[in-house]
file model37.txt (compact mmCIF, C-alpha atoms and all ligand atoms)
# COMPACT_ATOMS: atom_id res chain seq x y z
CA MET U 22 -27.47 18.39 3.00
CA THR U 23 -31.06 18.64 1.74
CA ASN U 24 -33.39 15.69 1.82
CA HIS U 25 -33.24 15.46 -1.91
CA ALA U 26 -29.45 15.45 -1.92
CA SER U 27 -29.32 12.69 0.65
CA GLN U 28 -31.60 10.61 -1.57
CA SER U 29 -29.58 11.11 -4.69
CA ALA U 30 -26.01 11.70 -3.59
CA GLY U 31 -23.71 8.97 -2.49
CA TRP U 32 -20.90 9.00 0.03
CA GLN U 33 -19.48 12.41 0.85
CA VAL U 34 -15.72 12.89 0.74
CA GLU U 35 -14.63 15.42 3.30
CA GLN U 36 -10.91 14.80 3.20
CA SER U 37 -8.26 14.28 0.54
CA ALA U 38 -7.55 10.78 -0.77
CA SER U 39 -4.18 10.87 1.08
CA GLU U 40 -5.85 11.70 4.40
CA ALA U 41 -8.42 8.97 3.79
CA TYR U 42 -5.62 6.50 2.94
CA GLU U 43 -3.94 7.27 6.27
CA GLN U 44 -7.19 7.13 8.23
CA TYR U 45 -8.85 4.12 6.62
CA LEU U 46 -6.25 1.89 4.97
CA VAL U 47 -3.13 2.30 7.09
CA PRO U 48 -4.52 1.03 10.44
CA PRO U 49 -6.18 -2.20 9.22
CA MET U 50 -3.78 -3.06 6.42
CA PHE U 51 -0.52 -1.19 5.84
CA ALA U 52 0.49 -0.82 9.52
CA PRO U 53 0.29 -4.55 10.38
CA TRP U 54 2.15 -5.43 7.17
CA ALA U 55 4.81 -2.80 7.96
CA ASP U 56 5.30 -4.37 11.40
CA ARG U 57 5.71 -7.81 9.83
CA MET U 58 8.19 -6.51 7.29
CA LEU U 59 10.30 -4.78 9.90
CA GLU U 60 10.22 -7.86 12.12
CA THR U 61 11.40 -10.17 9.32
CA SER U 62 14.09 -7.85 8.02
CA GLY U 63 15.69 -7.11 11.38
CA VAL U 64 16.43 -3.38 11.17
CA ASN U 65 18.89 -2.30 13.89
CA GLU U 66 19.73 0.70 16.02
CA GLY U 67 21.99 3.03 14.03
CA ASP U 68 20.85 1.84 10.58
CA ARG U 69 20.33 4.37 7.79
CA VAL U 70 16.93 3.52 6.30
CA LEU U 71 15.23 4.60 3.08
CA ASP U 72 11.49 4.01 2.57
CA VAL U 73 10.87 4.14 -1.21
CA ALA U 74 7.35 5.18 -2.27
CA CYS U 75 6.61 5.81 1.40
CA GLY U 76 3.04 7.09 0.91
CA THR U 77 1.90 8.57 4.22
CA GLY U 78 5.01 7.07 5.83
CA ILE U 79 3.96 4.10 7.95
CA VAL U 80 7.13 2.05 7.24
CA ALA U 81 9.36 5.08 7.84
CA ARG U 82 7.62 5.81 11.15
CA ARG U 83 7.96 2.23 12.36
CA ALA U 84 11.62 2.13 11.25
CA ALA U 85 12.39 5.43 13.00
CA SER U 86 11.52 4.02 16.41
CA ARG U 87 13.90 1.08 15.81
CA VAL U 88 16.97 2.85 14.46
CA SER U 89 16.76 5.48 17.25
CA GLU U 90 18.85 8.65 17.30
CA SER U 91 22.08 7.06 16.06
CA GLY U 92 20.31 6.03 12.83
CA SER U 93 18.35 7.96 10.24
CA VAL U 94 15.23 7.52 8.13
CA VAL U 95 14.29 9.08 4.80
CA GLY U 96 10.87 8.62 3.16
CA LEU U 97 10.56 9.27 -0.57
CA ASP U 98 7.40 9.46 -2.65
CA ILE U 99 6.40 10.95 -5.99
CA ASN U 100 3.10 12.30 -4.60
CA GLU U 101 3.40 15.54 -2.67
CA GLU U 102 -0.03 15.17 -1.10
CA MET U 103 0.99 11.82 0.46
CA LEU U 104 4.22 13.41 1.73
CA ALA U 105 2.32 16.33 3.28
CA VAL U 106 0.22 13.90 5.33
CA ALA U 107 3.37 11.92 6.21
CA ALA U 108 5.15 15.05 7.46
CA GLU U 109 2.17 16.22 9.48
CA ILE U 110 1.80 12.92 11.33
CA ALA U 111 5.52 12.50 11.92
CA ALA U 112 5.92 16.04 13.28
CA ASP U 113 5.06 14.79 16.78
CA LEU U 114 7.46 11.84 16.71
CA HIS U 115 10.46 11.73 18.93
CA HIS U 116 12.77 10.73 16.05
CA SER U 117 12.85 12.96 13.02
CA ILE U 118 12.29 11.63 9.50
CA GLU U 119 13.34 13.40 6.30
CA TRP U 120 10.65 13.50 3.58
CA ARG U 121 11.74 13.82 -0.04
CA GLN U 122 9.72 14.12 -3.20
CA GLY U 123 11.17 12.02 -6.02
CA ASP U 124 10.83 9.13 -8.43
CA ALA U 125 11.65 5.56 -7.39
CA THR U 126 13.44 5.04 -10.71
CA GLU U 127 15.82 7.98 -10.13
CA LEU U 128 16.60 8.10 -6.45
CA PRO U 129 18.08 11.47 -5.46
CA PHE U 130 20.75 9.92 -3.22
CA SER U 131 24.42 9.07 -3.67
CA ASP U 132 25.71 5.51 -4.02
CA GLU U 133 25.96 3.33 -0.91
CA SER U 134 24.19 5.74 1.43
CA PHE U 135 21.73 3.38 3.19
CA ASP U 136 21.85 0.11 5.16
CA VAL U 137 18.23 -0.90 4.54
CA VAL U 138 15.82 0.10 1.76
CA TYR U 139 12.12 -0.68 2.15
CA CYS U 140 9.43 -0.54 -0.49
CA GLN U 141 6.01 -1.64 0.74
CA GLN U 142 3.27 -2.25 -1.86
CA ALA U 143 4.51 0.24 -4.43
CA LEU U 144 6.77 -1.47 -6.99
CA GLN U 145 3.65 -2.54 -8.92
CA PHE U 146 2.80 1.14 -9.54
CA VAL U 147 6.22 2.18 -10.81
CA ASP U 148 6.53 2.49 -14.61
CA ASP U 149 9.90 0.71 -14.73
CA PRO U 150 10.18 -1.64 -11.72
CA GLY U 151 13.55 -2.99 -12.95
CA ALA U 152 15.07 0.50 -12.93
CA SER U 153 13.65 1.08 -9.46
CA VAL U 154 15.18 -2.11 -8.01
CA ARG U 155 18.55 -1.21 -9.64
CA GLU U 156 18.34 2.19 -7.95
CA MET U 157 17.61 0.54 -4.60
CA ARG U 158 20.76 -1.58 -4.98
CA ARG U 159 22.87 1.42 -6.03
CA VAL U 160 22.02 3.40 -2.88
CA LEU U 161 22.66 0.41 -0.58
CA GLU U 162 25.92 -0.10 1.26
CA PRO U 163 27.58 -3.47 0.41
CA GLY U 164 26.07 -5.90 2.92
CA GLY U 165 22.85 -3.87 3.05
CA ARG U 166 19.43 -5.17 2.05
CA ALA U 167 16.34 -4.20 0.14
CA VAL U 168 13.01 -5.40 1.52
CA LEU U 169 10.06 -5.24 -0.87
CA SER U 170 6.47 -6.32 -0.65
CA VAL U 171 4.04 -6.76 -3.53
CA TRP U 172 0.52 -8.17 -3.23
CA ARG U 173 -0.07 -11.53 -4.85
CA PRO U 174 -2.50 -11.57 -7.82
CA LEU U 175 -6.19 -10.85 -7.36
CA ASP U 176 -7.07 -14.57 -7.17
CA TYR U 177 -5.57 -14.53 -3.65
CA GLN U 178 -7.47 -11.41 -2.46
CA PRO U 179 -11.15 -12.45 -2.39
CA ALA U 180 -12.61 -9.16 -1.15
CA TYR U 181 -10.73 -7.08 -3.73
CA MET U 182 -11.58 -9.40 -6.59
CA VAL U 183 -15.28 -8.93 -5.82
CA LEU U 184 -14.89 -5.18 -5.23
CA ALA U 185 -13.04 -4.63 -8.53
CA ASP U 186 -15.69 -6.56 -10.49
CA ALA U 187 -18.50 -4.60 -8.83
CA LEU U 188 -16.82 -1.23 -9.46
CA GLU U 189 -16.40 -2.17 -13.09
CA GLU U 190 -20.05 -3.17 -13.37
CA TYR U 191 -21.60 -0.25 -11.45
CA ILE U 192 -19.13 2.64 -11.85
CA SER U 193 -16.75 2.35 -14.82
CA ASP U 194 -14.09 0.22 -16.49
CA GLU U 195 -11.55 2.69 -15.16
CA ALA U 196 -12.72 2.14 -11.56
CA GLY U 197 -12.41 -1.65 -11.99
CA THR U 198 -8.92 -1.32 -13.47
CA MET U 199 -7.86 1.02 -10.68
CA MET U 200 -9.00 -1.45 -7.98
CA ARG U 201 -7.10 -4.28 -9.71
CA SER U 202 -3.87 -2.31 -10.09
CA PRO U 203 -2.39 -3.06 -6.64
CA PHE U 204 -2.51 -6.81 -7.43
CA PRO U 205 -0.30 -7.44 -10.47
CA ALA U 206 -0.17 -10.82 -12.21
CA TRP U 207 3.40 -11.29 -10.94
CA ASP U 208 4.70 -14.49 -9.40
CA GLY U 209 7.60 -15.12 -7.04
CA LYS U 210 9.84 -16.00 -9.97
CA LYS U 211 9.26 -12.61 -11.59
CA LEU U 212 10.21 -10.84 -8.36
CA ARG U 213 13.33 -12.97 -7.88
CA THR U 214 14.40 -12.23 -11.46
CA LEU U 215 13.81 -8.48 -10.97
CA ALA U 216 16.12 -8.52 -7.94
CA GLN U 217 18.75 -10.73 -9.58
CA ASN U 218 18.78 -8.64 -12.76
CA ALA U 219 19.35 -5.58 -10.60
CA GLY U 220 22.55 -7.25 -9.34
CA PHE U 221 21.41 -8.68 -5.99
CA ASP U 222 23.08 -12.08 -5.37
CA ASP U 223 21.25 -13.29 -2.32
CA VAL U 224 17.48 -13.11 -2.81
CA SER U 225 14.70 -14.69 -0.76
CA VAL U 226 11.03 -14.58 -1.78
CA THR U 227 8.34 -15.62 0.67
CA ILE U 228 4.56 -15.72 0.57
CA GLU U 229 3.00 -14.04 3.59
CA ILE U 230 -0.67 -14.49 4.43
CA GLY U 231 -2.67 -11.99 6.45
CA SER U 232 -6.16 -10.58 6.56
CA VAL U 233 -8.03 -7.32 6.49
CA ARG U 234 -11.18 -6.45 8.38
CA TYR U 235 -13.85 -3.76 8.00
CA PRO U 236 -16.91 -3.13 10.19
CA SER U 237 -19.31 -3.69 7.27
CA VAL U 238 -19.36 -4.19 3.51
CA GLU U 239 -20.61 -0.64 3.07
CA GLU U 240 -17.67 0.71 5.06
CA PHE U 241 -15.27 -1.50 3.08
CA VAL U 242 -16.47 0.04 -0.18
CA ARG U 243 -16.73 3.58 1.16
CA ARG U 244 -13.27 3.60 2.73
CA GLU U 245 -11.56 2.03 -0.29
CA ALA U 246 -13.31 4.47 -2.59
CA ALA U 247 -12.45 7.53 -0.49
CA SER U 248 -8.75 6.54 -0.40
CA SER U 249 -8.48 5.96 -4.13
CA PRO U 250 -7.44 8.27 -6.96
CA LEU U 251 -11.00 7.97 -8.30
CA ALA U 252 -12.56 9.02 -5.00
CA GLU U 253 -14.70 11.74 -6.50
CA SER U 254 -16.31 9.69 -9.24
CA ILE U 255 -16.90 6.62 -7.06
CA THR U 256 -18.22 8.41 -4.00
CA ALA U 257 -20.52 10.61 -6.10
CA VAL U 258 -22.50 7.56 -7.18
CA LYS U 259 -26.25 7.78 -6.59
CA ARG U 260 -27.61 6.08 -3.52
CA ALA U 261 -29.64 3.49 -5.45
CA VAL U 262 -26.58 2.40 -7.41
CA ARG U 263 -24.47 2.32 -4.28
CA ASP U 264 -27.04 0.11 -2.54
CA GLU U 265 -27.04 -2.32 -5.43
CA LEU U 266 -23.26 -2.36 -5.59
CA VAL U 267 -22.97 -3.01 -1.84
CA GLY U 268 -25.70 -5.67 -2.04
CA GLU U 269 -23.88 -7.51 -4.79
CA ILE U 270 -20.61 -7.47 -2.85
CA LYS U 271 -22.40 -8.72 0.28
CA ASP U 272 -23.87 -11.64 -1.66
CA ALA U 273 -20.54 -12.54 -3.22
CA LEU U 274 -18.68 -12.35 0.10
CA GLN U 275 -21.28 -14.12 2.30
CA THR U 276 -18.68 -16.58 3.56
CA TYR U 277 -16.49 -13.74 4.87
CA LEU U 278 -19.22 -11.95 6.89
CA ASP U 279 -19.26 -12.39 10.67
CA ASP U 280 -20.48 -10.61 13.80
CA GLU U 281 -17.80 -7.94 13.44
CA GLY U 282 -18.33 -7.13 9.78
CA ILE U 283 -16.26 -8.46 6.94
CA VAL U 284 -12.87 -10.16 7.00
CA SER U 285 -10.88 -11.27 3.97
CA PRO U 286 -7.56 -13.04 3.47
CA MET U 287 -4.79 -11.02 1.83
CA GLU U 288 -1.57 -12.48 0.48
CA SER U 289 1.69 -10.75 -0.34
CA TYR U 290 5.14 -11.59 -1.61
CA VAL U 291 7.98 -10.33 0.54
CA VAL U 292 11.40 -10.13 -1.08
CA ILE U 293 14.60 -9.69 0.89
CA ALA U 294 17.57 -8.98 -1.38
CA GLU U 295 21.06 -8.60 0.06
CA ARG U 296 23.72 -6.61 -1.65
C1 LIG U 301 -0.14 1.73 -2.07
S1 LIG U 301 0.83 3.12 -1.77
C2 LIG U 301 2.00 2.42 -0.61
C3 LIG U 301 2.57 3.50 0.26
C4 LIG U 301 3.41 3.04 1.44
N1 LIG U 301 4.57 2.30 1.02
C5 LIG U 301 2.60 2.27 2.45
O1 LIG U 301 2.99 1.15 2.79
O2 LIG U 301 1.59 2.80 2.96
C6 LIG U 301 1.82 3.31 -3.23
C7 LIG U 301 2.68 4.57 -3.22
O3 LIG U 301 3.59 4.52 -4.33
C8 LIG U 301 3.84 5.86 -4.73
N2 LIG U 301 4.48 5.83 -6.05
C9 LIG U 301 3.95 5.36 -7.21
N3 LIG U 301 4.84 5.49 -8.21
C10 LIG U 301 5.97 6.04 -7.67
C11 LIG U 301 7.24 6.41 -8.20
N4 LIG U 301 7.54 6.22 -9.50
N5 LIG U 301 8.16 6.94 -7.38
C12 LIG U 301 7.86 7.15 -6.07
N6 LIG U 301 6.67 6.82 -5.52
C13 LIG U 301 5.73 6.27 -6.30
C14 LIG U 301 2.46 6.49 -4.67
O4 LIG U 301 2.50 7.89 -4.67
C15 LIG U 301 1.91 5.88 -3.38
O5 LIG U 301 2.19 6.73 -2.28
call {"tool": "encode", "arguments": {"input": "model37.txt", "output": "structure tokens", "more": "lines below"}}
Ligand SMILES: C[S@@+](CC[C@H](N)C(=O)[O-])C[C@H]1O[C@@H](n2cnc3c(N)ncnc32)[C@H](O)[C@@H]1O
result
Amino acid sequence: MTNHASQSAGWQVEQSASEAYEQYLVPPMFAPWADRMLETSGVNEGDRVLDVACGTGIVARRAASRVSESGSVVGLDINEEMLAVAAEIAADLHHSIEWRQGDATELPFSDESFDVVYCQQALQFVDDPGASVREMRRVLEPGGRAVLSVWRPLDYQPAYMVLADALEEYISDEAGTMMRSPFPAWDGKKLRTLAQNAGFDDVSVTIEIGSVRYPSVEEFVRREAASSPLAESITAVKRAVRDELVGEIKDALQTYLDDEGIVSPMESYVVIAER
């Protein structure tokens, strides 16, 4: 990089958004939530598990070690790039996982073929969430369960509320909208109704509270940007703009800065629906 480029260019993206997602977002955020979800839902040795919208496969990987060789795990996602990263990481695992490309609203599996269906932080991105939850029920064995998590609205995610506003102000409306999209304005009642309308009789909805930590505000913004579908436009921002954006986020999140960087609460709904 020339001197001039380093003055004017912003963050460099050297890997795909899927690789960045696995490297930057899975360890501090999706892996701990996957562990919590598996703990609460009690998946057992021998279970047949489906991970819907598996992304790079963290839930599937965690489930595979629990169901052992007498069980089976399938991860499905619409995005082939996410599945490629999932397959590469899982290649070294002791237990094999099947990766399938497909749509959560039209699951390519026969009726009653799984004991547990997981869907971590993805229902909010599906065009027809009702159809997706109906599909989850269809592929479950009677007595099986679907376990879903969906972030609570942005009001309960301080760091992301500030980040989305700053992206909107400094990058584009589209970048702000993209950063808000994981946090739909859904409440527990909406999720319960989705599950009941899909035919599940026994539905529990809980609010789970966790946190996420990054070594600095700059790293928080850089890692989120690199893992996002708008990685190129956000990371190409000029250095002066980036510095202002980071400065504004730092000011707004003063109360969440400590000696190890930045920490922020994160809240999620977890739905367990038994068939
Ligand atoms: C935030 S990621 C969550 C991934 C994974 N569950 C995890 O915990 O890391 C959302 C995922 O939903 C997938 N997705 C969105 N719409 C989908 C659909 N209609 N069918 C299948 N996957 C979908 C995306 O490709 C992405 O991998």
call {"tool": "residues_near_ligand", "arguments": {"input": "model37.txt", "ligand": "ligand LIG 301 (chain U)", "cutoff": "6 Å", "atoms": "all atoms listed in the file", "output": "list in words"}}
result
Phe51, Ala74, Cys75, Gly76, Thr77, Ile79, Asp98, Ile99, Asn100, Met103, Gly123, Asp124, Ala125, Cys140, Gln141, Gln142, Ala143, Phe146 and Val147 of chain U
call {"tool": "atom_distance", "arguments": {"input": "model37.txt", "atom1": "CA of Glu288 (chain U)", "atom2": "CA of Val64 (chain U)"}}
result
22.8 Å
call {"tool": "atom_distance", "arguments": {"input": "model37.txt", "atom1": "CA of Arg57 (chain U)", "atom2": "CA of Ser232 (chain U)"}}
result
12.6 Å
call {"tool": "residues_around", "arguments": {"input": "model37.txt", "residues": "Phe221 (chain U)", "least_positions_apart": "6", "cutoff": "8 Å", "atoms": "all atoms listed in the file", "output": "PDB file with C-alpha atoms, in the coordinates of the input"}}
result
ATOM      1  CA  ARG U 158      20.760  -1.580  -4.980  1.00  0.00           C
ATOM      2  CA  ALA U 294      17.570  -8.980  -1.380  1.00  0.00           C
ATOM      3  CA  GLU U 295      21.060  -8.600   0.060  1.00  0.00           C
ATOM      4  CA  ARG U 296      23.720  -6.610  -1.650  1.00  0.00           C
TER       5      ARG U 296
END
call {"tool": "closest_residue", "arguments": {"input": "model37.txt", "among": "U:Gly282, U:Gly63, U:Pro236, U:Pro150", "to": "Thr214 (chain U)", "atoms": "all atoms listed in the file"}}
result
U:Pro150
call {"tool": "residues_around", "arguments": {"input": "model37.txt", "residues": "Val168 (chain U)", "least_positions_apart": "5", "cutoff": "10 Å", "atoms": "all atoms listed in the file", "output": "CSV table (one decimal) with C-alpha atoms, keeping the file's coordinate frame"}}
result
chain,number,residue,atom,x,y,z
U,58,MET,CA,8.2,-6.5,7.3
U,59,LEU,CA,10.3,-4.8,9.9
U,61,THR,CA,11.4,-10.2,9.3
U,62,SER,CA,14.1,-7.8,8.0
U,72,ASP,CA,11.5,4.0,2.6
U,137,VAL,CA,18.2,-0.9,4.5
U,138,VAL,CA,15.8,0.1,1.8
U,139,TYR,CA,12.1,-0.7,2.2
U,140,CYS,CA,9.4,-0.5,-0.5
U,141,GLN,CA,6.0,-1.6,0.7
U,157,MET,CA,17.6,0.5,-4.6
U,224,VAL,CA,17.5,-13.1,-2.8
U,225,SER,CA,14.7,-14.7,-0.8
U,226,VAL,CA,11.0,-14.6,-1.8
U,291,VAL,CA,8.0,-10.3,0.5
U,292,VAL,CA,11.4,-10.1,-1.1
U,293,ILE,CA,14.6,-9.7,0.9
U,294,ALA,CA,17.6,-9.0,-1.4
U,295,GLU,CA,21.1,-8.6,0.1
call {"tool": "closest_residue", "arguments": {"input": "model37.txt", "among": "U:Asp272, U:Ile192, U:Leu71, U:Glu265", "to": "Ala252 (chain U)", "atoms": "only C-alpha atoms"}}
result
U:Ile192
call {"tool": "atom_distance", "arguments": {"input": "model37.txt", "atom1": "CA of Leu266 (chain U)", "atom2": "CA of Val47 (chain U)"}}
result
24.2 Å
call {"tool": "closest_residue", "arguments": {"input": "model37.txt", "among": "U:Gly151, U:Ser285, U:Asp68, U:Val88", "to": "Asn218 (chain U)", "atoms": "all atoms listed in the file"}}
result
U:Gly151
call {"tool": "residues_around", "arguments": {"input": "model37.txt", "residues": "region 90-94 of chain U", "least_positions_apart": "4", "cutoff": "8 Å", "atoms": "all atoms listed in the file", "output": "short mmCIF file (atom, residue, chain, number, x, y, z; two decimals) with C-alpha atoms, in the frame of the given file"}}
result
data_model
loop_
_atom_site.label_atom_id
_atom_site.label_comp_id
_atom_site.auth_asym_id
_atom_site.auth_seq_id
_atom_site.Cartn_x
_atom_site.Cartn_y
_atom_site.Cartn_z
CA GLU U 66 19.73 0.70 16.02
CA GLY U 67 21.99 3.03 14.03
CA ASP U 68 20.85 1.84 10.58
CA ARG U 69 20.33 4.37 7.79
CA VAL U 70 16.93 3.52 6.30
CA LEU U 71 15.23 4.60 3.08
CA ASP U 72 11.49 4.01 2.57
CA ALA U 81 9.36 5.08 7.84
CA ALA U 84 11.62 2.13 11.25
CA ALA U 85 12.39 5.43 13.00
CA HIS U 116 12.77 10.73 16.05
CA SER U 117 12.85 12.96 13.02
CA ILE U 118 12.29 11.63 9.50
CA GLU U 119 13.34 13.40 6.30
#
call {"tool": "residues_around", "arguments": {"input": "model37.txt", "residues": "Met200 (chain U)", "least_positions_apart": "6", "cutoff": "12 Å", "atoms": "only C-alpha atoms", "output": "list in words"}}
result
Leu175, Gln178, Ala180, Tyr181, Met182, Val183, Leu184, Ala185, Asp186, Ala187, Leu188, Glu189, Ile192, Ser193, Asp194, Val242, Glu245, Ala246, Ser248, Ser249, Pro250, Leu251, Ala252 and Ile255 of chain U
call {"tool": "closest_residue", "arguments": {"input": "model37.txt", "among": "U:Asp222, U:Leu215, U:Gly209, U:Leu274", "to": "Ser237 (chain U)", "atoms": "only C-alpha atoms"}}
result
U:Leu274
call {"tool": "closest_residue", "arguments": {"input": "model37.txt", "among": "U:Glu253, U:Glu269, U:Glu40, U:Glu281", "to": "Ala108 (chain U)", "atoms": "only C-alpha atoms"}}
result
U:Glu40
call {"tool": "axis_aligned_box", "arguments": {"input": "model37.txt", "around": "region 210-221 of chain U", "padding_each_side": "4 Å", "output": "lines of an AutoDock Vina configuration file"}}
result
center_x = 15.9
center_y = -10.8
center_z = -9.4
size_x = 21.3
size_y = 18.4
size_z = 14.8
call {"tool": "closest_residue", "arguments": {"input": "model37.txt", "among": "U:Ser131, U:Gln275, U:Ser89, U:Gln145", "to": "Arg201 (chain U)", "atoms": "only C-alpha atoms"}}
result
U:Gln145
call {"tool": "residues_around", "arguments": {"input": "model37.txt", "residues": "Tyr290 (chain U)", "least_positions_apart": "5", "cutoff": "6 Å", "atoms": "all atoms listed in the file", "output": "NGL selection string"}}
result
:U and (170-172 or 227-228)
call {"tool": "build_atoms", "arguments": {"input": "model37.txt", "residues": "region 260-277 of chain U", "atoms": "N, CA and C atoms", "output": "PDB file, keeping the file's coordinate frame"}}
result
ATOM      1  N   ARG U 260     -27.364   7.017  -4.616  1.00  0.00           N
ATOM      2  CA  ARG U 260     -27.610   6.080  -3.520  1.00  0.00           C
ATOM      3  C   ARG U 260     -28.153   4.730  -4.005  1.00  0.00           C
ATOM      4  N   ALA U 261     -29.051   4.764  -4.983  1.00  0.00           N
ATOM      5  CA  ALA U 261     -29.640   3.490  -5.450  1.00  0.00           C
ATOM      6  C   ALA U 261     -28.568   2.586  -6.053  1.00  0.00           C
ATOM      7  N   VAL U 262     -27.653   3.190  -6.788  1.00  0.00           N
ATOM      8  CA  VAL U 262     -26.580   2.400  -7.410  1.00  0.00           C
ATOM      9  C   VAL U 262     -25.654   1.858  -6.330  1.00  0.00           C
ATOM     10  N   ARG U 263     -25.335   2.734  -5.386  1.00  0.00           N
ATOM     11  CA  ARG U 263     -24.470   2.320  -4.280  1.00  0.00           C
ATOM     12  C   ARG U 263     -25.089   1.129  -3.536  1.00  0.00           C
ATOM     13  N   ASP U 264     -26.391   1.198  -3.271  1.00  0.00           N
ATOM     14  CA  ASP U 264     -27.040   0.110  -2.540  1.00  0.00           C
ATOM     15  C   ASP U 264     -26.962  -1.197  -3.309  1.00  0.00           C
ATOM     16  N   GLU U 265     -27.129  -1.092  -4.612  1.00  0.00           N
ATOM     17  CA  GLU U 265     -27.040  -2.320  -5.430  1.00  0.00           C
ATOM     18  C   GLU U 265     -25.621  -2.883  -5.422  1.00  0.00           C
ATOM     19  N   LEU U 266     -24.671  -1.954  -5.570  1.00  0.00           N
ATOM     20  CA  LEU U 266     -23.260  -2.360  -5.590  1.00  0.00           C
ATOM     21  C   LEU U 266     -22.887  -3.063  -4.267  1.00  0.00           C
ATOM     22  N   VAL U 267     -23.281  -2.434  -3.156  1.00  0.00           N
ATOM     23  CA  VAL U 267     -22.970  -3.010  -1.840  1.00  0.00           C
ATOM     24  C   VAL U 267     -23.680  -4.363  -1.678  1.00  0.00           C
ATOM     25  N   GLY U 268     -24.931  -4.424  -2.148  1.00  0.00           N
ATOM     26  CA  GLY U 268     -25.700  -5.670  -2.040  1.00  0.00           C
ATOM     27  C   GLY U 268     -25.031  -6.798  -2.805  1.00  0.00           C
ATOM     28  N   GLU U 269     -24.533  -6.470  -3.982  1.00  0.00           N
ATOM     29  CA  GLU U 269     -23.880  -7.510  -4.790  1.00  0.00           C
ATOM     30  C   GLU U 269     -22.599  -8.004  -4.111  1.00  0.00           C
ATOM     31  N   ILE U 270     -21.847  -7.067  -3.534  1.00  0.00           N
ATOM     32  CA  ILE U 270     -20.610  -7.470  -2.850  1.00  0.00           C
ATOM     33  C   ILE U 270     -20.940  -8.335  -1.632  1.00  0.00           C
ATOM     34  N   LYS U 271     -21.975  -7.944  -0.908  1.00  0.00           N
ATOM     35  CA  LYS U 271     -22.400  -8.720   0.280  1.00  0.00           C
ATOM     36  C   LYS U 271     -22.732 -10.159  -0.127  1.00  0.00           C
ATOM     37  N   ASP U 272     -23.498 -10.295  -1.201  1.00  0.00           N
ATOM     38  CA  ASP U 272     -23.870 -11.640  -1.660  1.00  0.00           C
ATOM     39  C   ASP U 272     -22.638 -12.450  -2.014  1.00  0.00           C
ATOM     40  N   ALA U 273     -21.716 -11.811  -2.746  1.00  0.00           N
ATOM     41  CA  ALA U 273     -20.540 -12.540  -3.220  1.00  0.00           C
ATOM     42  C   ALA U 273     -19.592 -12.901  -2.076  1.00  0.00           C
ATOM     43  N   LEU U 274     -19.630 -12.104  -0.988  1.00  0.00           N
ATOM     44  CA  LEU U 274     -18.680 -12.350   0.100  1.00  0.00           C
ATOM     45  C   LEU U 274     -19.358 -12.919   1.355  1.00  0.00           C
ATOM     46  N   GLN U 275     -20.539 -13.545   1.171  1.00  0.00           N
ATOM     47  CA  GLN U 275     -21.280 -14.120   2.300  1.00  0.00           C
ATOM     48  C   GLN U 275     -20.380 -14.885   3.252  1.00  0.00           C
ATOM     49  N   THR U 276     -19.484 -15.695   2.713  1.00  0.00           N
ATOM     50  CA  THR U 276     -18.680 -16.580   3.560  1.00  0.00           C
ATOM     51  C   THR U 276     -17.647 -15.817   4.383  1.00  0.00           C
ATOM     52  N   TYR U 277     -17.457 -14.534   4.089  1.00  0.00           N
ATOM     53  CA  TYR U 277     -16.490 -13.740   4.870  1.00  0.00           C
ATOM     54  C   TYR U 277     -17.174 -12.734   5.803  1.00  0.00           C
TER      55      TYR U 277
END
